[in-house]
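Let me begin by presenting the structure, written as structure tokens, before commenting on it.
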Amino acid sequence: MSAEVLPDTTADTVPRARIVRRILGRYLRHPGLSLGLFVLVLLSFVAIAAPWLAPHGPTEADLMNTLAHPSGEYLLGTDQYGRDILSRLIWGARISLEVALAVVALSLTFGSAIGAIAGYAGGWVERIMMVCNDILLAFPGFLLALALVAARGSSLENVILAVSIAYTPRVAAVMRSVVITIRPRPFIEASRAIGMSSSRVLLRHVLPNALPPVIVVTTVSAATAILAEAGLSFLGLGVQPPTATWGNIISDGQGFITSNPLISLSAGLCIAVTVIALNLLGDGLRDTLDPQMRRYTGERML
Amino acid sequence: MSDGAVLAVRDLRTVFPSESGPVTTVDKVSFSLGAGETLAVVGESGSGKTMTFLSVLRLVPPPGRVIGGEVLFEGADIATLSASAMRSIRGAGIAMVFQDPLTALNPVFTIGDQMLEVIRAHTGMGPRQARVRALEVLERVHIPAPAQRIDDYPHQLSGGMRQRVLIAMAIALRPKVLIADEPTTALDVTVQAQILELLAELRSELGMGMVLITHDLGLVAKYADRVAVMYAGRVVETSPMARGFGQSRHPYTRSLFRSIPRLDLPADQPLTAIAGQPPDLARLPAGCAFEPRCFLGNGREDCRNERPALSPTTSDRHLSACPHWRTLLDAEPGA
Amino acid sequence: MLRYTARRLLLMSITVIGMVTVVFFLLRAIPGDPASYMLGDYATEESVAALKAELGLDRPVWEQYLGFVKRALTGDLGTSVVTGQPAFDEVLESIPWSAALSVSGIIIAVLAGVPLGVMSAVRHGTFADLFVMLGALIGISFPVFWVGLVCILLLAHEVRLFPALGASSSQDFFTQVHHLMLPALVLGFSVAAYIARLTRSAMLEVLGQDFVRVARAMGVPERRIVYRLALRNALIPVLAVIGVTFAWSLGSAILVEAVFSRPGLGSMILKAVFARDYQLVQAGVFVLASAVVLVNTSLDIVYGWVDPRVSVS
């Protein structure tokens, strides 16, 4: 229907550079996408430049000024040990982004590999792999991460490891459903017919075609990882004090929520802004990359 | 145009906004359809065939909009009717059968359920009564054992059967006009003939006016009484079918006809594809839209400057939008 | 349909056995010796050895595993090191609290999320759509424990509409419900946001399909098209993820219970983690995951009933 309505606007008379500019323009014109991207770039800058941006050290205690209200010296006030909230938030951005990056790298690598192999192999291999995957999926992701951290001990590495293990099956499930829709397409059969090896077909054809959904999954898992780390830190199972993370700043402020609400509120807002930016970016990419993929991603990423 | 037409359309215009300004997908289209008559509408994809009839039914998908014209159904203008009055004409007065029976039925409802939904939308019938009516029409479209099939889900039926169900749904309320939009494109060749025979049979039994949208000129010759040829959102020629395409009085129709393989011509006669690209609706020339691809002396002044109107040729039942139609007759005197 | 149900049930048993395996190895993920880990730094050698013998840690791993599976399937999930009670009994005590929170959270989420998602899709591109989608974005992005804290601050301390504590020792039903309301709303909000987003995109997809166009061309009223014909199609993917949201809500419930100091499986597990009562952690994790599988299997069976294509193929 719609093909009958709108003429093809990218006729071959349009120069290449203009097409590239037009596509780029389409991304940047998407308001959510560009806003999300802007916020994330800003946050990354803050995280990298933390030592220079933060007015105080993250663990520097001013015992004369505990639970201070906002002032020129301490813009967002101090906590019960007299540490500057703003500086702790700035340093906390590092932990959150570090966890997000590491978890995405780990769960994406292993999850895509597992999902792609299962989806591509089919038959019994797929069935057995997916039953195993479903077993892991049956555990609430956060609960599994919590149990793993509880067993391995609380440290940044263990939090990353636990969250990655908990969320890898989710990436694998999405990846597999993407691959099984690509598998029956003609060019895959053609490459097999001309004698390409399985691993070559997988690398050359299947993975690149699965890329758009994978990019969206990346943003969703980054958001999930940040929320999971914050949750673990809030419960006291994540990165241990005195290291500043947004989760344990909220936890620190919980006891003073009525007298010094700014401690918990500001840290929560930091998490929320980051996760909203990631979700905006993910939604925007989903809208612009390929409207068809909507059904594969998102819904299984909780 | 002809009096007593069950459906007459005059100067219908539909536009879609686009980055390079509004695109007119239906451009001052006029035609009429008599009761019991079959009008074939032919043209390349993108020529506005389907959009014309979606405009008639006021179902143009947004952001498209009908911006002008008259649609006379049984003599009354329905272009200005209220939304709810228009709804009661859809399905009951003018019904439409779509191209792809595989996607046209809702997969999670039984066919009976979907038919009842249509029947009960237009009548005060209770479920029992409506079911009886549904069984009647299923029988009418020659579905074997309708009492068993009616509770089937669409995926349990073959493509041909599903198209029969959709036709049954379309005729359930005895509409005066049936619009069949490429009803057989998605079906096997053997099934195609059955469906078209069924449509022809129903048309004469129920005395409906029928519109057959197609790009298959073979079907047109066999089933249509009259044909309207569309190009770039405009009707460029309407003629009685009895004359055949050899007598056509528009160069586009000629080109279209010459580009299809035929069994009645020597096999060594070359097929000629139409030169050039289909037109970009956003950048139509000021004059005749077909002029850049026309084989009749390219670049005539009047063709480029002035948009030719659809006007009578030798008879007022045969209209052409080419002012040089006489040249065509001279060029092929034997045809 | 019967074969489909049987197959789902078979798959469920396989999954449960698989989960027992995962839970078994969770304990083995503890670096070093679980027994001395559980007893802490001041344990004597004898007490460690005694606990080892009690837990069967001195026997070969496969023997431990088989024994664990056999006992787990008969409901014996070990003994709580702290209270000396059977772990399963401790878990049973927490279940009603967790069930009340999760079930009411999901009910709130479905009752709010589905209609809002449908409305958003039907009024696609309007101010109402934008408003709902912004709310949903907030719902999926704000940490649930933080939303809980803010609600306590505003609705319990400032306005005093709800109690700050998520539970009461009172036996009175209405008092209990009053205490449950705020935690359930907080949990429900995040799940509702997710369901609303999903419902909207499913509904938009369905409304763009051919059969909707056909129904319109046949003059079926728009209300019937949206709320009967299209809604059933759109609800299929929503139904499919309610199981997932259930698992998710059980995970979030740990945080909600912590914020509202409410008893339940989550806070039981958390307490056990800090007490190094690992038998109890295992039992809690196993029961939570089993609940997820049970709910998912029942939903799968309902799913097969709603979508005729599933049970046939």
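Naming scheme: A, B, ... for chains in displayed order of the structure tokens; residues 1 onward per chain; ligands 1 onward as shown.
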
Can you check which parts of chain C lie within 9 Å of chain B? Per residue, the shortest pair of atoms and distance in Å to one decimal, counting only C-alpha atoms, sorted by chain and number, as JSON lines.
{"residue": "C:Gln209", "atom": "CA", "partner": "B:Thr103", "partner_atom": "CA", "distance": 7.5}
{"residue": "C:Asp210", "atom": "CA", "partner": "B:Ala104", "partner_atom": "CA", "distance": 5.0}
{"residue": "C:Phe211", "atom": "CA", "partner": "B:Ala104", "partner_atom": "CA", "distance": 4.2}
{"residue": "C:Val212", "atom": "CA", "partner": "B:Ala104", "partner_atom": "CA", "distance": 7.8}
{"residue": "C:Arg213", "atom": "CA", "partner": "B:Ala104", "partner_atom": "CA", "distance": 7.9}
{"residue": "C:Val214", "atom": "CA", "partner": "B:Ala104", "partner_atom": "CA", "distance": 6.2}
{"residue": "C:Ala215", "atom": "CA", "partner": "B:Val118", "partner_atom": "CA", "distance": 7.4}
{"residue": "C:Arg216", "atom": "CA", "partner": "B:Arg90", "partner_atom": "CA", "distance": 7.8}
{"residue": "C:Ala217", "atom": "CA", "partner": "B:Arg90", "partner_atom": "CA", "distance": 5.7}
{"residue": "C:Met218", "atom": "CA", "partner": "B:Gly91", "partner_atom": "CA", "distance": 3.8}
{"residue": "C:Gly219", "atom": "CA", "partner": "B:Arg90", "partner_atom": "CA", "distance": 4.6}
{"residue": "C:Val220", "atom": "CA", "partner": "B:Ala121", "partner_atom": "CA", "distance": 5.5}
{"residue": "C:Pro221", "atom": "CA", "partner": "B:Ala121", "partner_atom": "CA", "distance": 6.8}
{"residue": "C:Arg224", "atom": "CA", "partner": "B:Glu117", "partner_atom": "CA", "distance": 8.4}
{"residue": "C:Leu229", "atom": "CA", "partner": "B:Asn106", "partner_atom": "CA", "distance": 7.6}
{"residue": "C:Ala230", "atom": "CA", "partner": "B:Asn106", "partner_atom": "CA", "distance": 8.4}
{"residue": "C:Arg232", "atom": "CA", "partner": "B:Val108", "partner_atom": "CA", "distance": 7.4}
{"residue": "C:Asn233", "atom": "CA", "partner": "B:Val108", "partner_atom": "CA", "distance": 6.7}
{"residue": "C:Val306", "atom": "CA", "partner": "B:Val108", "partner_atom": "CA", "distance": 7.5}
{"residue": "C:Asp307", "atom": "CA", "partner": "B:Val108", "partner_atom": "CA", "distance": 5.8}
{"residue": "C:Pro308", "atom": "CA", "partner": "B:Val108", "partner_atom": "CA", "distance": 6.3}
{"residue": "C:Arg309", "atom": "CA", "partner": "B:His155", "partner_atom": "CA", "distance": 7.5}

Limited to N, CA and C atoms, could you put the picked residues into a file as a PDB file, in the first residue's frame?
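File produced: selection_2.pdb:
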ATOM      1  N   GLN C 209      -2.213  -3.360  10.533  1.00  0.00           N
ATOM      2  CA  GLN C 209      -2.276  -4.580   9.732  1.00  0.00           C
ATOM      3  C   GLN C 209      -3.459  -4.594   8.784  1.00  0.00           C
ATOM      4  N   ASP C 210      -3.323  -5.462   7.774  1.00  0.00           N
ATOM      5  CA  ASP C 210      -4.337  -5.558   6.733  1.00  0.00           C
ATOM      6  C   ASP C 210      -5.731  -5.841   7.269  1.00  0.00           C
ATOM      7  N   PHE C 211      -5.829  -6.758   8.233  1.00  0.00           N
ATOM      8  CA  PHE C 211      -7.181  -7.137   8.641  1.00  0.00           C
ATOM      9  C   PHE C 211      -7.928  -5.997   9.323  1.00  0.00           C
ATOM     10  N   VAL C 212      -7.189  -5.063   9.880  1.00  0.00           N
ATOM     11  CA  VAL C 212      -7.843  -3.888  10.448  1.00  0.00           C
ATOM     12  C   VAL C 212      -8.409  -3.018   9.318  1.00  0.00           C
ATOM     13  N   ARG C 213      -7.628  -2.893   8.244  1.00  0.00           N
ATOM     14  CA  ARG C 213      -8.085  -2.133   7.088  1.00  0.00           C
ATOM     15  C   ARG C 213      -9.342  -2.789   6.483  1.00  0.00           C
ATOM     16  N   VAL C 214      -9.303  -4.122   6.426  1.00  0.00           N
ATOM     17  CA  VAL C 214     -10.459  -4.840   5.889  1.00  0.00           C
ATOM     18  C   VAL C 214     -11.688  -4.559   6.750  1.00  0.00           C
ATOM     19  N   ALA C 215     -11.518  -4.660   8.058  1.00  0.00           N
ATOM     20  CA  ALA C 215     -12.660  -4.426   8.946  1.00  0.00           C
ATOM     21  C   ALA C 215     -13.202  -3.011   8.755  1.00  0.00           C
ATOM     22  N   ARG C 216     -12.297  -2.046   8.564  1.00  0.00           N
ATOM     23  CA  ARG C 216     -12.755  -0.672   8.338  1.00  0.00           C
ATOM     24  C   ARG C 216     -13.500  -0.584   7.017  1.00  0.00           C
ATOM     25  N   ALA C 217     -12.968  -1.244   5.983  1.00  0.00           N
ATOM     26  CA  ALA C 217     -13.603  -1.186   4.667  1.00  0.00           C
ATOM     27  C   ALA C 217     -14.963  -1.863   4.689  1.00  0.00           C
ATOM     28  N   MET C 218     -15.178  -2.772   5.640  1.00  0.00           N
ATOM     29  CA  MET C 218     -16.468  -3.465   5.742  1.00  0.00           C
ATOM     30  C   MET C 218     -17.407  -2.717   6.669  1.00  0.00           C
ATOM     31  N   GLY C 219     -16.979  -1.571   7.163  1.00  0.00           N
ATOM     32  CA  GLY C 219     -17.874  -0.751   7.967  1.00  0.00           C
ATOM     33  C   GLY C 219     -18.042  -1.199   9.404  1.00  0.00           C
ATOM     34  N   VAL C 220     -17.095  -2.007   9.918  1.00  0.00           N
ATOM     35  CA  VAL C 220     -17.170  -2.366  11.332  1.00  0.00           C
ATOM     36  C   VAL C 220     -16.825  -1.111  12.137  1.00  0.00           C
ATOM     37  N   PRO C 221     -17.636  -0.784  13.164  1.00  0.00           N
ATOM     38  CA  PRO C 221     -17.379   0.441  13.928  1.00  0.00           C
ATOM     39  C   PRO C 221     -15.980   0.437  14.552  1.00  0.00           C
ATOM     40  N   ARG C 224     -15.444  -1.280  17.891  1.00  0.00           N
ATOM     41  CA  ARG C 224     -15.359  -2.741  17.829  1.00  0.00           C
ATOM     42  C   ARG C 224     -13.989  -3.164  17.307  1.00  0.00           C
ATOM     43  N   LEU C 229     -11.511  -6.581  18.006  1.00  0.00           N
ATOM     44  CA  LEU C 229     -10.721  -7.286  17.002  1.00  0.00           C
ATOM     45  C   LEU C 229      -9.224  -7.088  17.211  1.00  0.00           C
ATOM     46  N   ALA C 230      -8.787  -5.844  17.391  1.00  0.00           N
ATOM     47  CA  ALA C 230      -7.340  -5.604  17.474  1.00  0.00           C
ATOM     48  C   ALA C 230      -6.796  -5.912  18.861  1.00  0.00           C
ATOM     49  N   ARG C 232      -7.368  -8.239  21.001  1.00  0.00           N
ATOM     50  CA  ARG C 232      -6.971  -9.613  21.288  1.00  0.00           C
ATOM     51  C   ARG C 232      -5.593  -9.900  20.705  1.00  0.00           C
ATOM     52  N   ASN C 233      -5.351  -9.413  19.482  1.00  0.00           N
ATOM     53  CA  ASN C 233      -4.035  -9.606  18.871  1.00  0.00           C
ATOM     54  C   ASN C 233      -2.949  -8.924  19.681  1.00  0.00           C
ATOM     55  N   VAL C 306      -5.610 -18.736  23.931  1.00  0.00           N
ATOM     56  CA  VAL C 306      -5.981 -17.459  23.313  1.00  0.00           C
ATOM     57  C   VAL C 306      -5.531 -17.399  21.854  1.00  0.00           C
ATOM     58  N   ASP C 307      -4.312 -17.857  21.595  1.00  0.00           N
ATOM     59  CA  ASP C 307      -3.784 -17.784  20.238  1.00  0.00           C
ATOM     60  C   ASP C 307      -3.851 -19.167  19.603  1.00  0.00           C
ATOM     61  N   PRO C 308      -4.820 -19.385  18.723  1.00  0.00           N
ATOM     62  CA  PRO C 308      -5.022 -20.726  18.172  1.00  0.00           C
ATOM     63  C   PRO C 308      -3.820 -21.238  17.392  1.00  0.00           C
ATOM     64  N   ARG C 309      -2.960 -20.321  16.939  1.00  0.00           N
ATOM     65  CA  ARG C 309      -1.835 -20.765  16.124  1.00  0.00           C
ATOM     66  C   ARG C 309      -0.807 -21.516  16.954  1.00  0.00           C
TER      67      ARG C 309
END

Pick out the residues sitting within 8 Å of Met64 of chain A, and hand them over as a compact mmCIF listing (two decimals) with N, CA and C atoms, in the first residue's frame; count only C-alpha atoms, and ignore anything fewer than 2 positions along from it in its own chain.
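File produced: result-v3.txt:
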# COMPACT_ATOMS: atom_id res chain seq x y z
N ASP A 62 34.81 16.01 56.25
CA ASP A 62 34.92 17.26 56.99
C ASP A 62 34.06 17.10 58.23
N THR A 66 29.22 17.85 59.24
CA THR A 66 28.43 16.69 58.86
C THR A 66 26.99 17.11 58.63
N GLY A 82 30.41 14.14 56.68
CA GLY A 82 30.89 15.43 56.22
C GLY A 82 31.53 15.36 54.84

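Using only C-alpha atoms, the smallest distance between any of B:Leu12, B:Leu284, B:Ala35, B:Val56 and Glu205 of chain B comes from B:Ala35.
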
TODO: Identify, on the basis of only C-alpha atoms, every residue whose closest approach to Leu165 of chain C does not exceed 12 Å; exclude the query and any residue fewer than 2 positions from it along the same chain; express the result as a PyMOL selection string.
DONE: chain C and resi 148-149+151-153+155-157+160+162-163+167-169+175-183+256-263

TODO: With a cut-off of 8 Å and counting only C-alpha atoms, select all residues of chain B in contact with chain A and give the selection as a ChimeraX atom specification.
DONE: /B:16,25,45-48,50-51,280-282

Can you write out the residues you just picked, keeping C-alpha atoms, as an mmCIF file, in the first residue's frame?
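out-v1.cif written:
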data_model
loop_
_atom_site.group_PDB
_atom_site.id
_atom_site.type_symbol
_atom_site.label_atom_id
_atom_site.label_comp_id
_atom_site.auth_asym_id
_atom_site.auth_seq_id
_atom_site.Cartn_x
_atom_site.Cartn_y
_atom_site.Cartn_z
ATOM 1 C CA PHE B 16 -0.031 13.215 0.698
ATOM 2 C CA THR B 25 -1.664 10.526 -5.693
ATOM 3 C CA SER B 45 1.906 0.053 -9.408
ATOM 4 C CA GLY B 46 2.017 3.541 -7.986
ATOM 5 C CA SER B 47 -0.419 4.894 -10.530
ATOM 6 C CA GLY B 48 -3.046 5.510 -7.861
ATOM 7 C CA THR B 50 -5.914 1.488 -5.034
ATOM 8 C CA MET B 51 -5.674 4.977 -3.605
ATOM 9 C CA ASP B 280 8.090 10.932 -9.651
ATOM 10 C CA LEU B 281 4.750 12.165 -8.337
ATOM 11 C CA ALA B 282 6.447 14.949 -6.396
#

TODO: May I have the residues within 10 Å of Val26 of chain B as a ChimeraX atom specification, using only C-alpha atoms and disregarding those fewer than 2 positions away in the same chain?
DONE: /A:5 /B:11-16,23-24,28-29,47-53,55,66-67,230-235

Can those selected residues be exported to a file as a short mmCIF file (atom, residue, chain, number, x, y, z; two decimals), in the first residue's frame so that it contains C-alpha atoms?
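File produced: part_13.cif:
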data_model
loop_
_atom_site.label_atom_id
_atom_site.label_comp_id
_atom_site.auth_asym_id
_atom_site.auth_seq_id
_atom_site.Cartn_x
_atom_site.Cartn_y
_atom_site.Cartn_z
CA VAL A 5 1.89 6.10 -2.33
CA ASP B 11 -12.66 15.24 -10.04
CA LEU B 12 -11.52 13.25 -7.02
CA ARG B 13 -8.22 14.51 -5.59
CA THR B 14 -6.08 13.02 -2.83
CA VAL B 15 -2.77 14.40 -1.62
CA PHE B 16 -0.03 13.22 0.70
CA VAL B 23 2.15 14.73 -3.65
CA THR B 24 -1.08 14.26 -5.57
CA LYS B 28 -8.90 14.81 -10.67
CA VAL B 29 -10.05 11.26 -11.28
CA SER B 47 -0.42 4.89 -10.53
CA GLY B 48 -3.05 5.51 -7.86
CA LYS B 49 -5.49 2.68 -8.59
CA THR B 50 -5.91 1.49 -5.03
CA MET B 51 -5.67 4.98 -3.60
CA THR B 52 -8.56 6.12 -5.81
CA PHE B 53 -10.90 3.59 -4.27
CA SER B 55 -10.47 7.75 -1.38
CA VAL B 66 -8.99 13.71 0.07
CA ILE B 67 -9.08 17.37 -0.87
CA MET B 230 -4.44 5.23 -14.90
CA TYR B 231 -1.07 6.90 -15.08
CA ALA B 232 0.56 9.08 -12.42
CA GLY B 233 -2.65 9.45 -10.44
CA ARG B 234 -4.75 10.40 -13.46
CA VAL B 235 -7.19 8.55 -15.68
#

Open item on the list: So that I can check the secondary structure, give me every residue of segment 25-205 of chain A assigned helix (DSSP H, G or I) by backbone DSSP, as a VMD selection string.
Closed with: chain A and resid 25 to 29 31 to 48 50 to 53 63 to 65 85 to 121 123 to 138 141 to 152 156 to 182 186 to 193 198 to 205

Task: Neighbours of chain C in chain A at 7 Å, counting only C-alpha atoms, as a ChimeraX atom specification - done: /A:135,138-143,148,150-152,227,231,257-258,268,272,275-276,299,302

May I have the selected residues written with N, CA and C atoms, as a tab-separated table (two decimals), in the first residue's frame?
chain	number	residue	atom	x	y	z
A	135	ILE	N	16.24	-22.12	31.72
A	135	ILE	CA	16.40	-22.40	33.16
A	135	ILE	C	16.99	-21.17	33.85
A	138	ALA	N	14.57	-18.35	34.19
A	138	ALA	CA	13.51	-18.50	35.19
A	138	ALA	C	13.87	-17.77	36.48
A	139	PHE	N	15.17	-17.58	36.72
A	139	PHE	CA	15.55	-16.83	37.92
A	139	PHE	C	15.39	-15.34	37.64
A	140	PRO	N	14.71	-14.64	38.54
A	140	PRO	CA	14.68	-13.19	38.37
A	140	PRO	C	16.13	-12.69	38.29
A	141	GLY	N	16.45	-11.88	37.26
A	141	GLY	CA	17.82	-11.47	37.02
A	141	GLY	C	18.48	-10.85	38.24
A	142	PHE	N	17.75	-9.97	38.90
A	142	PHE	CA	18.32	-9.27	40.05
A	142	PHE	C	18.62	-10.24	41.19
A	143	LEU	N	17.71	-11.22	41.36
A	143	LEU	CA	17.88	-12.21	42.43
A	143	LEU	C	19.13	-13.05	42.18
A	148	LEU	N	24.67	-14.44	43.54
A	148	LEU	CA	26.06	-14.61	43.12
A	148	LEU	C	26.99	-13.68	43.91
A	150	ALA	N	26.41	-12.44	46.79
A	150	ALA	CA	26.43	-12.90	48.17
A	150	ALA	C	27.44	-14.03	48.33
A	151	ALA	N	27.50	-14.90	47.32
A	151	ALA	CA	28.41	-16.04	47.42
A	151	ALA	C	29.86	-15.60	47.20
A	152	ARG	N	30.09	-14.74	46.21
A	152	ARG	CA	31.46	-14.41	45.82
A	152	ARG	C	32.05	-13.27	46.64
A	227	LEU	N	20.85	-0.01	36.83
A	227	LEU	CA	19.83	-0.18	37.86
A	227	LEU	C	20.19	-1.33	38.80
A	231	GLY	N	20.89	-1.08	42.75
A	231	GLY	CA	20.10	-1.87	43.69
A	231	GLY	C	20.98	-2.65	44.65
A	257	ILE	N	16.40	10.85	55.46
A	257	ILE	CA	15.53	11.25	54.35
A	257	ILE	C	14.63	12.42	54.75
A	258	THR	N	14.26	12.50	56.03
A	258	THR	CA	13.39	13.61	56.41
A	258	THR	C	14.16	14.90	56.69
A	268	GLY	N	19.43	9.58	43.39
A	268	GLY	CA	18.39	8.90	42.62
A	268	GLY	C	18.17	9.57	41.28
A	272	ALA	N	18.40	8.08	37.53
A	272	ALA	CA	17.26	8.21	36.63
A	272	ALA	C	17.63	8.90	35.33
A	275	VAL	N	19.64	6.51	33.16
A	275	VAL	CA	18.84	5.42	32.59
A	275	VAL	C	17.84	5.97	31.57
A	276	ILE	N	17.27	7.14	31.85
A	276	ILE	CA	16.36	7.74	30.86
A	276	ILE	C	17.12	8.02	29.57
A	299	GLU	N	11.22	-6.69	24.83
A	299	GLU	CA	10.29	-7.43	25.66
A	299	GLU	C	10.93	-8.55	26.47
A	302	LEU	N	14.12	-7.86	30.39
A	302	LEU	CA	13.99	-7.46	31.79
A	302	LEU	C	14.98	-8.19	32.68

- [ ] List the neighbours of Ala72 of chain C out to 10 Å using only C-alpha atoms; skip same-chain residues closer than 2 positions along the sequence, and give me the result as a PyMOL selection string.
- [x] chain C and resi 17+20+24+66-70+74-78+88+283+286

- [ ] Please indicate the distance in Å from atom CA of Asp27 of chain B to atom CA of His124 of chain C, rounded to one decimal place.
- [x] 29.0 Å

Open item on the list: as number ranges by chain, please: the residues near Trp97 of chain C (cut-off 9 Å, only C-alpha atoms, same-chain neighbours under 2 positions excluded).
Closed with: C: 93-95, 99-102, 167, 262-265

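What separates atom CA of Ala134 of chain B from atom CA of Val211 of chain B is a distance of 23.6 Å.
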